Amino acid sequence: MTHWTPRTVPSPLLGAGLAAALLTAGHRSSATAQSASSQSSIVIVTGQEAPMPIPTLMEGAQANVANFEIADQLFLRLAGLGADLTTAGDRGFVPLLARAWTRRDSVTLVFQLDPRARWHDGAPVTTTDVLFTFARARDAQIAPRTANLLRHVVAISAEGDRQVVFRFSHPYSEQFYDATYHVAILPAHLLASVPATELARSEFVRHPIGDGPYRWVRSVPGQFIELTANDEFFLGRPKIHRVIVRVASDPEARMNLLLGGEADAMDNVPPPLSNIQRIAARPELRLVPVPSPALGYLLFNQRLPGDSNRPHPLLADRDLRRAITLALDRGLLIRVVLGNYAEVPFGPTSPLLWIRHGAPPPLTQNQTQARHLLAAHGWSDHDGDGVLDRAGQPLSLRLNFPNTSAIRRQMSLLIQEQLRSVGVRLELQELEAPVWVERRKTGNFDVDFSAASLDPSPSGLTQSWSCAGGSNVAHYCDPMVDSLINRAILDRADPREAWHAVLRRIEDDAPAVFLYAPTYVYAVNRRFRDVVIRPESSWLDLWRWSVAIPTGSRETGY
Amino acid sequence: MTAVVDTLRRAWQNPRGRAGALVLAGVALAALLGPPLLPDPVAQPDLLHGVNLPPGLGHPFGTDQLSRDVFARVVSGARVSLAVSVLAMALSITLGAAIGLIAGYWGGTTDIVLMRLVDGALAVPRLFLLLLVLAAWERVPIGVLIVLIGTTGWFATSRLVRGEVLRLREESYIRAAEALGAPRRRIIFRHLLPNTLGLLLVAATLGVGEVILLEAGLSFLGLGIHPPTPSWGGMILEAKEVLVTAPWVGVFPGLAIVITVLSADLLGDALRDSIDMWRA
Amino acid sequence: MRRWLIRRTGQAVITLAVAVLLMFVLMRAAPGDPLTRLSGDRALSPAEIAVLRARYGLDQPLLQQLGAFLQGLLRGDLGASIEYGRPVTQLLAERLPASLLLGGTVLLVNFSVGLWLGSRQALRRGSAADRWLTVVSLIGFATPSFWLGLVLAWLVGVHWRLLPPAGMHSPLLDPGSGFLANGMDVVRHLILPALTLSLVSIAATMRYQRGAMLDALRLPYIVTARAKGLSDSRVIWRHAWRNAVFPVITLFGLWLPVLVAGSVFVESVFAWPGLGSLAAAAVGNRDYPLLMGASLLASSLVVLGSLLTDLAYGFLDPRVRLS
């Protein structure tokens, strides 16, 4: 009998060890072989797949950031937002498919198409394409979301091959934005024969043909999309030749790809803060802060959870809402969870939005004042359990937050502790994301940890903060806010000051605690130059980036 | 009854069995008595300078992302993790053994019906059932959680037991017992059950570890223990994002799980020896 | 035997049908909805939601939706995914190869190496080797898969840079660079996820096999055979396996679905493009058509596993009367 000890390596393991040695050897050599040919390529790692990057016709679940960001490489709008993202008037907008525009009267805009614009198959971009695209985009059966955004556009017509005329229902400040931002133009000669309902199964989705700086090469499902430079791009030839957008849904996997040298760039470095430090420690990587349209806030339900006809027994009271706001040290929350990469917002806005500039500073923490406010309303700790009570009722609220956000989870735990110190009990309820949304939608919550991605346009504020707003799930209603918003939308003289009045009023009324407006941090390999990352669509300017001439050999960055 | 006492006594005399039992008892005792002596496991004493501190004098296991003491959290997390895993595992092993024995021994239609039910139950993703519970309860009580895990965890065990019983009931000594007119109860408890105990002990050991991690997964769905109450599995999940930069946050609760599973395994192995002796 | 097989297959089909019905109902009864989810942060007007509901047939009564699903199923059409906007069959077909590769590798390793180690442990019970293998395998088992996966990915992929830390193909490798180069590329990506999944699960095969083998070695004729000096491999392969093989077969049947279900955690930690992560995302999105498709695939393997198990019982031990 052979005596079996662990020292004798079992044969299958030995084989595996040998194989591993061979394979890792192969990995090394291929890495160096690749780096030469890949100097003008970029591998971007992101968290979400882009299964249907067809602009304008992405509806429902497909209208997501991932699809938009790929679509923006392939397809062009008539004009692009300027660097300061102003949506009122046409100041700052840059020519894309339209090389020029004029205003005929208060409700008519005329666009001249650039004659150099070509589809990737060589066909010219004409007014036929514009009319075709807007016809689809304005059809509520085909594109309900876009059709709603374009509701003030009453007619679009062509004057020859190069001139398009937009007519609006009434004069307002964001006509130009509406005509250009929501719709990227699609090729009529390829899509006119495809019924809208068949688009998802069409060849066009598998191999989109656009007019943008990059052309489609291939998609490897669940892994990456490959694009290649459109050398005939009429606005200038892209300097980076090959673009790979790699998907890894797990944030740690994304970090590993970046730090392992398998990716050159990463959007929105995931929490915690230590990830930013890990990237900063890498000589070949650079951190690029990008202002974001995101906003995190604690939303107070004005009505009884589950019965929207009755007021919330605690939160309908403005003073209680203000006391909670005063009890929180938002600066500390941000410092612990987001470091320097966020600021306390003023009202429901972010520093990215043009209306935020020049707004006053938000309330700062004042726990003494919070305690006074609570005591004045009869709240005190009669039974000595550390929780305030009134008429036998403890001051206890439940906070719902989704399981998909590490930031909100951490913040919730911090908020719970801060409120505990003024005697307010906050029960935390983490929920699977769809369940969280359902409870939010149906008003089944006390406090909801919301996060919004704000539109560049402030008119989006009506959705959440006006009495009849479509996503006003907390049933917040202040007629004063409504009238201020209406005034601001129509104000063509000084819209910013008009919007500030809206923000001030909302801050005073505290329908929510506006916690953080984050700055996203991107990581980009240092060999890329002229790096500009756009807040409204990260890689929009990628075609203008350039690549440094390498000095000596380099192991990483393939 | 004396057989059971004898078995336990022999297992206790086995040094490895005793070690396993003592460690488990020690963990349970620490969980019961420890927390009052330790820092508050949910307090966040120093968010600016006390976050992610490595193990040291003040904090033997270091601190986590919110400056909470990891040692205090491991000790008090044992309450939830041990209670849930032991109770849920006991429930699911009992159910699995019972269903498996019945299906395997009775055979025929009973077997067909029970096993097709088990197939069906395995075929429907467990997650769906658990999500339903979220619809029914605003906030799920811990007792419900244990029952939930226990009653949805026995399917595989029942198939394993049934497979063994199918084989065992054809063994000559059981045939002989049947021929001699031994009552079914005697055959089941005297012959079949002891012969599947080895398998059940393995299932139980592995089950303890599985349930501790499952509980964490469930609390992530809003079904388990609510934050900030610590549990081992929950601590490991929370530590995922600091795995490389502050490994101690997750390693210590992980070690606690490993130690618990290993002790349960030692105990199980000793019990198996002692049952073997009793049968011999 | 043939009659048994026909009857047993019939039962399997019925089980599967009932499971499908149950899944359909449970899924819709679970809180959450594929479209309200979308209005969480950016509101859709009720009119927009109505259009989308109609597009995906969600405005029909439940029974009618079920009818439509079953009709499609007979034609081999599982509908279009709400999240991806593309046919479910296409999505599943795209992800299946990755799942089969990872799941197949793990099955192979667990049921060769695992069984072999478990048997050896039983034969040398109480030896240092037995103890060490017990400790190591249980540490593996008690370790969450994402944890081990992240450690391996970081250590091997980032720190040492020996193997790619995630993915299945190197995107910069020219797809036309030949079968060998592409094959090596996939294998390099496969090693870490397969190793992770095996390490965290092999304890099950090892422990059950060790236990079953211990039971078998206790049988009088095997004790006699060993006392006569028969070699270990002879003892195992001539005699003991027949008594120790049942739990292994059952376990294999139970493990069969790993071929399509994989492990969600391992897939996502290694960005492995398998069905597990696709299905998990479908749950999070309440993407009913995709979820039904993925579950159907997994359930079929569950039922098939059970069928094969019963078949193997009868085949390996003719004494077992299969009812």
# chains A, B, ... in the order shown; residues from 1 in each chain; ligands from 1

$ residues_around --residues "Ser295 in chain C" --least-positions-apart "3" --cutoff "9 Å" --atoms "only C-alpha atoms" --output "list in words"
Ala123, Val124 and Pro125 of chain B; Val20, Met23, Ala261, Ala279, Leu290, Leu291, Met292, Ala298, Ser299 and Ser300 of chain C

$ write_last_selection --atoms "C-alpha atoms" --output "PDB file, in the first residue's frame"
ATOM      1  CA  ALA B 123     -36.847  24.342 -10.478  1.00  0.00           C
ATOM      2  CA  VAL B 124     -38.511  27.517  -9.256  1.00  0.00           C
ATOM      3  CA  PRO B 125     -35.763  29.948  -8.267  1.00  0.00           C
TER       4      PRO B 125
ATOM      5  CA  VAL C  20     -43.220  27.244 -15.405  1.00  0.00           C
ATOM      6  CA  MET C  23     -42.785  30.926 -11.962  1.00  0.00           C
ATOM      7  CA  ALA C 261     -27.146  28.990 -13.968  1.00  0.00           C
ATOM      8  CA  ALA C 279     -30.650  36.355 -15.130  1.00  0.00           C
ATOM      9  CA  LEU C 290     -35.905  37.415 -20.207  1.00  0.00           C
ATOM     10  CA  LEU C 291     -36.445  36.108 -16.692  1.00  0.00           C
ATOM     11  CA  MET C 292     -38.891  33.469 -17.925  1.00  0.00           C
ATOM     12  CA  ALA C 298     -32.332  26.412 -15.582  1.00  0.00           C
ATOM     13  CA  SER C 299     -35.497  24.540 -14.591  1.00  0.00           C
ATOM     14  CA  SER C 300     -35.135  22.178 -17.517  1.00  0.00           C
TER      15      SER C 300
END

$ interface_residues --of "chain C" --to "chain B" --cutoff "7 Å" --atoms "only C-alpha atoms" --output "number ranges by chain"
C: 15-16, 19, 23, 26-27, 29-31, 135, 138-139, 142-143, 147, 207-208, 211, 246-247, 250, 254, 299, 302-303, 306, 319-320, 323

$ write_last_selection --atoms "N, CA and C atoms" --output "tab-separated table (two decimals), in the first residue's frame"
chain	number	residue	atom	x	y	z
C	15	THR	N	-43.84	18.13	-14.33
C	15	THR	CA	-43.18	18.93	-13.30
C	15	THR	C	-42.72	20.26	-13.86
C	16	LEU	N	-42.10	20.18	-15.02
C	16	LEU	CA	-41.57	21.39	-15.63
C	16	LEU	C	-42.70	22.36	-15.96
C	19	ALA	N	-43.89	23.95	-12.89
C	19	ALA	CA	-42.89	24.92	-12.42
C	19	ALA	C	-42.97	26.20	-13.24
C	23	MET	N	-43.73	29.83	-11.79
C	23	MET	CA	-42.79	30.93	-11.96
C	23	MET	C	-43.48	32.13	-12.57
C	26	LEU	N	-45.60	33.66	-9.79
C	26	LEU	CA	-44.79	34.24	-8.71
C	26	LEU	C	-44.10	35.51	-9.15
C	27	MET	N	-43.58	35.48	-10.38
C	27	MET	CA	-42.84	36.62	-10.89
C	27	MET	C	-43.71	37.86	-10.95
C	29	ALA	N	-46.42	38.26	-9.24
C	29	ALA	CA	-46.93	38.60	-7.91
C	29	ALA	C	-45.87	39.33	-7.09
C	30	ALA	N	-44.60	39.13	-7.43
C	30	ALA	CA	-43.53	39.78	-6.68
C	30	ALA	C	-43.64	41.29	-6.87
C	31	PRO	N	-43.33	42.04	-5.80
C	31	PRO	CA	-43.44	43.49	-5.92
C	31	PRO	C	-42.45	44.02	-6.95
C	135	VAL	N	-9.78	20.80	6.56
C	135	VAL	CA	-9.68	22.21	6.92
C	135	VAL	C	-9.71	23.09	5.66
C	138	LEU	N	-13.09	23.06	3.84
C	138	LEU	CA	-14.15	23.78	4.55
C	138	LEU	C	-13.88	25.28	4.59
C	139	ILE	N	-12.62	25.67	4.65
C	139	ILE	CA	-12.33	27.11	4.55
C	139	ILE	C	-12.84	27.61	3.20
C	142	ALA	N	-16.61	27.86	3.37
C	142	ALA	CA	-17.15	28.92	4.21
C	142	ALA	C	-16.79	30.30	3.67
C	143	THR	N	-15.98	30.34	2.63
C	143	THR	CA	-15.60	31.63	2.05
C	143	THR	C	-16.61	32.03	1.00
C	147	TRP	N	-15.78	36.92	-2.49
C	147	TRP	CA	-14.61	37.27	-1.69
C	147	TRP	C	-13.35	36.62	-2.26
C	207	ARG	N	-16.82	16.22	0.91
C	207	ARG	CA	-17.38	15.79	2.20
C	207	ARG	C	-18.38	14.66	2.02
C	208	TYR	N	-19.24	14.78	1.01
C	208	TYR	CA	-20.23	13.72	0.82
C	208	TYR	C	-19.54	12.42	0.40
C	211	GLY	N	-17.84	10.89	3.39
C	211	GLY	CA	-18.83	10.27	4.28
C	211	GLY	C	-19.35	8.97	3.70
C	246	PHE	N	-24.13	6.44	-4.57
C	246	PHE	CA	-25.46	7.06	-4.64
C	246	PHE	C	-25.46	8.56	-4.32
C	247	PRO	N	-24.86	8.94	-3.21
C	247	PRO	CA	-24.86	10.39	-2.94
C	247	PRO	C	-24.18	11.17	-4.06
C	250	THR	N	-26.63	11.60	-6.87
C	250	THR	CA	-27.65	12.59	-6.50
C	250	THR	C	-27.06	13.99	-6.59
C	254	LEU	N	-28.08	17.23	-8.81
C	254	LEU	CA	-28.40	18.53	-8.20
C	254	LEU	C	-27.51	19.63	-8.76
C	299	SER	N	-34.55	25.54	-15.10
C	299	SER	CA	-35.50	24.54	-14.59
C	299	SER	C	-35.42	23.25	-15.39
C	302	VAL	N	-32.71	21.31	-14.01
C	302	VAL	CA	-33.05	20.75	-12.70
C	302	VAL	C	-33.82	19.46	-12.88
C	303	VAL	N	-34.83	19.53	-13.74
C	303	VAL	CA	-35.67	18.35	-13.96
C	303	VAL	C	-34.89	17.24	-14.66
C	306	SER	N	-32.69	15.45	-12.19
C	306	SER	CA	-33.43	14.49	-11.38
C	306	SER	C	-33.71	13.20	-12.17
C	319	ARG	N	-30.76	-3.78	-8.19
C	319	ARG	CA	-31.68	-4.19	-7.14
C	319	ARG	C	-32.70	-3.09	-6.82
C	320	VAL	N	-32.30	-1.83	-7.12
C	320	VAL	CA	-33.22	-0.74	-6.81
C	320	VAL	C	-34.40	-0.81	-7.76
C	323	SER	N	-39.91	2.65	-9.11
C	323	SER	CA	-41.37	2.56	-9.18
C	323	SER	C	-41.88	3.33	-10.38

$ residues_around --residues "Gly140 in chain C" --least-positions-apart "2" --cutoff "10 Å" --atoms "only C-alpha atoms" --output "JSON, numbers by chain"
{"B": [258], "C": [134, 135, 136, 137, 138, 142, 143, 144, 145, 148, 196, 197, 198, 199, 200, 201, 202, 203]}

$ write_last_selection --atoms "C-alpha atoms" --output "PDB file, in the first residue's frame"
ATOM      1  CA  VAL B 258     -14.714  29.308   9.155  1.00  0.00           C
TER       2      VAL B 258
ATOM      3  CA  THR C 134     -10.890  18.870   5.643  1.00  0.00           C
ATOM      4  CA  VAL C 135      -9.685  22.215   6.915  1.00  0.00           C
ATOM      5  CA  VAL C 136      -8.770  23.560   3.501  1.00  0.00           C
ATOM      6  CA  SER C 137     -11.928  22.408   1.786  1.00  0.00           C
ATOM      7  CA  LEU C 138     -14.153  23.780   4.551  1.00  0.00           C
ATOM      8  CA  ALA C 142     -17.153  28.925   4.208  1.00  0.00           C
ATOM      9  CA  THR C 143     -15.600  31.626   2.052  1.00  0.00           C
ATOM     10  CA  PRO C 144     -18.057  33.662   0.010  1.00  0.00           C
ATOM     11  CA  SER C 145     -17.350  33.169  -3.679  1.00  0.00           C
ATOM     12  CA  LEU C 148     -12.312  34.550  -2.951  1.00  0.00           C
ATOM     13  CA  THR C 196     -12.845  30.235  -7.600  1.00  0.00           C
ATOM     14  CA  LEU C 197     -16.062  28.399  -8.226  1.00  0.00           C
ATOM     15  CA  SER C 198     -14.390  25.028  -7.701  1.00  0.00           C
ATOM     16  CA  LEU C 199     -12.647  26.028  -4.506  1.00  0.00           C
ATOM     17  CA  VAL C 200     -15.823  27.299  -2.876  1.00  0.00           C
ATOM     18  CA  SER C 201     -17.885  24.296  -3.888  1.00  0.00           C
ATOM     19  CA  ILE C 202     -15.588  21.298  -4.071  1.00  0.00           C
ATOM     20  CA  ALA C 203     -15.985  20.757  -0.327  1.00  0.00           C
TER      21      ALA C 203
END

$ interface_residues --of "chain C" --to "chain A" --cutoff "7 Å" --atoms "only C-alpha atoms" --output "ChimeraX atom specification"
/C:31-33,37-38,40-41,43-45,48,51-52,82-86,94,129,154,157-158,161-163,165-167,188,231,268-271,273,284-285

$ write_last_selection --atoms "N, CA and C atoms" --output "short mmCIF file (atom, residue, chain, number, x, y, z; two decimals), in the first residue's frame"
data_model
loop_
_atom_site.label_atom_id
_atom_site.label_comp_id
_atom_site.auth_asym_id
_atom_site.auth_seq_id
_atom_site.Cartn_x
_atom_site.Cartn_y
_atom_site.Cartn_z
N PRO C 31 -43.33 42.04 -5.80
CA PRO C 31 -43.44 43.49 -5.92
C PRO C 31 -42.45 44.02 -6.95
N GLY C 32 -42.82 45.11 -7.58
CA GLY C 32 -41.96 45.69 -8.61
C GLY C 32 -42.53 45.43 -9.98
N ASP C 33 -42.08 46.20 -10.94
CA ASP C 33 -42.68 46.17 -12.26
C ASP C 33 -41.62 46.67 -13.23
N ARG C 37 -40.32 50.87 -12.59
CA ARG C 37 -38.93 50.99 -12.22
C ARG C 37 -38.27 52.15 -12.96
N LEU C 38 -38.64 52.28 -14.23
CA LEU C 38 -38.00 53.29 -15.07
C LEU C 38 -38.35 54.69 -14.64
N GLY C 40 -38.45 55.82 -11.73
CA GLY C 40 -37.93 56.13 -10.40
C GLY C 40 -37.30 57.50 -10.33
N ASP C 41 -36.34 57.75 -11.21
CA ASP C 41 -35.61 59.00 -11.13
C ASP C 41 -36.12 60.03 -12.12
N ALA C 43 -39.29 60.90 -14.49
CA ALA C 43 -40.67 60.44 -14.58
C ALA C 43 -41.12 60.21 -16.02
N LEU C 44 -41.85 59.12 -16.21
CA LEU C 44 -42.57 58.91 -17.45
C LEU C 44 -44.00 59.32 -17.17
N SER C 45 -44.64 59.97 -18.12
CA SER C 45 -46.03 60.33 -17.92
C SER C 45 -46.87 59.07 -18.04
N GLU C 48 -47.06 57.80 -21.50
CA GLU C 48 -45.87 57.10 -21.98
C GLU C 48 -45.85 55.67 -21.46
N VAL C 51 -48.23 53.42 -23.39
CA VAL C 51 -47.72 52.99 -24.70
C VAL C 51 -46.74 51.83 -24.53
N LEU C 52 -45.84 51.97 -23.55
CA LEU C 52 -44.83 50.93 -23.35
C LEU C 52 -45.48 49.63 -22.85
N ILE C 82 -37.46 43.28 -22.24
CA ILE C 82 -37.86 44.68 -22.05
C ILE C 82 -36.64 45.56 -21.86
N GLU C 83 -35.64 45.01 -21.19
CA GLU C 83 -34.44 45.78 -20.91
C GLU C 83 -33.58 45.96 -22.17
N TYR C 84 -33.40 44.86 -22.91
CA TYR C 84 -32.49 44.89 -24.04
C TYR C 84 -33.19 45.23 -25.35
N GLY C 85 -34.52 45.07 -25.38
CA GLY C 85 -35.25 45.35 -26.59
C GLY C 85 -34.99 44.34 -27.69
N ARG C 86 -34.35 43.21 -27.34
CA ARG C 86 -34.03 42.22 -28.37
C ARG C 86 -34.62 40.87 -28.00
N GLU C 94 -26.58 33.88 -26.97
CA GLU C 94 -25.30 34.59 -26.93
C GLU C 94 -24.53 34.28 -25.64
N ALA C 129 -3.16 14.17 6.27
CA ALA C 129 -3.70 14.58 4.97
C ALA C 129 -5.21 14.79 5.06
N TRP C 154 -7.53 40.13 -7.80
CA TRP C 154 -6.61 41.21 -7.46
C TRP C 154 -5.16 40.70 -7.42
N GLY C 157 -4.42 38.88 -11.05
CA GLY C 157 -4.68 39.71 -12.21
C GLY C 157 -4.10 41.12 -12.10
N VAL C 158 -4.12 41.68 -10.88
CA VAL C 158 -3.68 43.06 -10.74
C VAL C 158 -2.28 43.13 -10.16
N ARG C 161 -0.18 40.35 -12.23
CA ARG C 161 -0.49 40.47 -13.66
C ARG C 161 -0.16 39.20 -14.44
N LEU C 162 -0.50 38.05 -13.87
CA LEU C 162 -0.24 36.79 -14.54
C LEU C 162 -1.36 36.40 -15.48
N LEU C 163 -2.58 36.70 -15.06
CA LEU C 163 -3.76 36.33 -15.84
C LEU C 163 -4.69 37.55 -15.89
N PRO C 165 -7.70 39.83 -15.10
CA PRO C 165 -8.55 39.81 -13.90
C PRO C 165 -10.04 39.67 -14.19
N ALA C 166 -10.46 39.87 -15.42
CA ALA C 166 -11.89 39.77 -15.71
C ALA C 166 -12.11 39.62 -17.20
N GLY C 167 -13.33 39.22 -17.55
CA GLY C 167 -13.72 39.09 -18.95
C GLY C 167 -13.51 37.68 -19.47
N ARG C 188 -7.11 31.37 -20.66
CA ARG C 188 -6.47 32.27 -19.68
C ARG C 188 -7.51 33.02 -18.86
N SER C 231 -5.14 -3.66 -2.33
CA SER C 231 -4.70 -2.26 -2.45
C SER C 231 -5.92 -1.32 -2.42
N SER C 268 -20.15 37.90 -11.93
CA SER C 268 -20.07 39.35 -11.93
C SER C 268 -18.70 39.83 -11.47
N VAL C 269 -18.09 39.12 -10.50
CA VAL C 269 -16.78 39.54 -10.04
C VAL C 269 -15.74 39.42 -11.15
N PHE C 270 -15.91 38.42 -12.02
CA PHE C 270 -14.96 38.25 -13.12
C PHE C 270 -15.52 38.78 -14.45
N ALA C 271 -16.63 39.51 -14.40
CA ALA C 271 -17.27 40.01 -15.61
C ALA C 271 -17.36 38.90 -16.66
N PRO C 273 -19.28 36.62 -19.11
CA PRO C 273 -20.55 36.92 -19.78
C PRO C 273 -21.50 35.73 -19.83
N GLY C 284 -33.45 42.00 -11.20
CA GLY C 284 -33.37 43.39 -10.74
C GLY C 284 -34.16 44.34 -11.61
N ASN C 285 -34.32 43.98 -12.89
CA ASN C 285 -35.07 44.84 -13.79
C ASN C 285 -36.52 44.41 -13.94
#

$ select_by_dssp --residues "range 42-115 of chain B" --states "helix (DSSP H, G or I)" --output "MDAnalysis selection string"
chainID B and resid 70:106 108:115

$ closest_residue --among "C:Leu115, C:Leu63, C:Ala12, C:Ala17" --to "Leu251 in chain C" --atoms "only C-alpha atoms"
C:Leu115

$ interface_residues --of "chain A" --to "chain B" --cutoff "10 Å" --atoms "only C-alpha atoms" --output "PyMOL selection string"
chain A and resi 251-252+270-275+277-278+332-333+335-337+400-404+406+409-414+416-418+427-433+435-436+439+444

$ closest_residue --among "B:Ser172, B:Ser231, B:Ser158, B:Ser263" --to "Val70 in chain B" --atoms "only C-alpha atoms"
B:Ser231

$ atom_distance --atom1 "CA of Ser157 in chain A" --atom2 "CA of Leu540 in chain A"
28.4 Å

$ residues_around --residues "Tyr181 in chain A" --least-positions-apart "6" --cutoff "10 Å" --atoms "only C-alpha atoms" --output "PyMOL selection string"
chain A and resi 77-81+87+456

$ write_last_selection --atoms "C-alpha atoms" --output "short mmCIF file (atom, residue, chain, number, x, y, z; two decimals), in the first residue's frame"
data_model
loop_
_atom_site.label_atom_id
_atom_site.label_comp_id
_atom_site.auth_asym_id
_atom_site.auth_seq_id
_atom_site.Cartn_x
_atom_site.Cartn_y
_atom_site.Cartn_z
CA ARG A 77 -27.47 66.01 -33.29
CA LEU A 78 -28.14 69.23 -35.17
CA ALA A 79 -26.14 71.15 -32.55
CA GLY A 80 -24.44 70.38 -29.27
CA LEU A 81 -24.66 71.96 -25.82
CA THR A 87 -30.21 75.47 -22.15
CA PRO A 456 -29.70 70.10 -18.06
#

$ closest_residue --among "C:Leu22, C:Pro46, C:Pro193, C:Lys228" --to "Phe146 in chain C" --atoms "only C-alpha atoms"
C:Pro193

$ atom_distance --atom1 "CA of Val194 in chain A" --atom2 "CA of Val88 in chain C"
20.4 Å

$ residues_around --residues "Ile99 in chain B" --least-positions-apart "3" --cutoff "8 Å" --atoms "only C-alpha atoms" --output "tab-separated table (two decimals) with N, CA and C atoms, in the first residue's frame"
chain	number	residue	atom	x	y	z
B	95	LEU	N	-36.61	18.41	7.99
B	95	LEU	CA	-37.55	18.27	6.88
B	95	LEU	C	-36.97	17.39	5.78
B	96	GLY	N	-35.71	17.66	5.45
B	96	GLY	CA	-35.07	16.91	4.36
B	96	GLY	C	-35.00	15.43	4.70
B	102	ILE	N	-39.35	9.11	3.87
B	102	ILE	CA	-40.70	8.70	3.46
B	102	ILE	C	-40.71	8.33	1.98
B	103	ALA	N	-40.15	9.21	1.16
B	103	ALA	CA	-40.17	8.96	-0.29
B	103	ALA	C	-39.41	7.69	-0.62
B	114	LEU	N	-43.78	13.10	-4.00
B	114	LEU	CA	-42.85	13.90	-3.20
B	114	LEU	C	-41.66	14.37	-4.03
B	158	SER	N	-33.26	16.17	0.92
B	158	SER	CA	-34.25	15.10	0.79
B	158	SER	C	-33.90	14.19	-0.39
B	162	ARG	N	-33.16	10.27	0.15
B	162	ARG	CA	-33.99	9.33	-0.58
B	162	ARG	C	-33.13	8.39	-1.43

$ atom_distance --atom1 "CA of Arg18 in chain B" --atom2 "CA of Leu267 in chain B"
7.2 Å

$ residues_around --residues "Asp77 in chain C" --least-positions-apart "6" --cutoff "12 Å" --atoms "only C-alpha atoms" --output "list in words"
Ala68, Phe69, Leu70, Gln71, Arg86, Pro87, Val88, Thr89, Gln90, Leu91, Leu92, Pro289, Leu290, Met292 and Gly293 of chain C

$ write_last_selection --atoms "C-alpha atoms" --output "mmCIF file, in the first residue's frame"
data_model
loop_
_atom_site.group_PDB
_atom_site.id
_atom_site.type_symbol
_atom_site.label_atom_id
_atom_site.label_comp_id
_atom_site.auth_asym_id
_atom_site.auth_seq_id
_atom_site.Cartn_x
_atom_site.Cartn_y
_atom_site.Cartn_z
ATOM 1 C CA ALA C 68 -49.258 34.363 -25.407
ATOM 2 C CA PHE C 69 -46.147 33.149 -23.616
ATOM 3 C CA LEU C 70 -47.098 29.486 -24.032
ATOM 4 C CA GLN C 71 -47.987 29.960 -27.697
ATOM 5 C CA ARG C 86 -34.029 42.218 -28.368
ATOM 6 C CA PRO C 87 -35.387 38.652 -28.703
ATOM 7 C CA VAL C 88 -34.847 36.580 -25.559
ATOM 8 C CA THR C 89 -33.750 33.489 -27.484
ATOM 9 C CA GLN C 90 -31.009 35.549 -29.106
ATOM 10 C CA LEU C 91 -29.801 36.877 -25.748
ATOM 11 C CA LEU C 92 -29.787 33.408 -24.180
ATOM 12 C CA PRO C 289 -39.633 37.750 -20.771
ATOM 13 C CA LEU C 290 -35.905 37.415 -20.207
ATOM 14 C CA MET C 292 -38.891 33.469 -17.925
ATOM 15 C CA GLY C 293 -36.459 32.392 -20.624
#
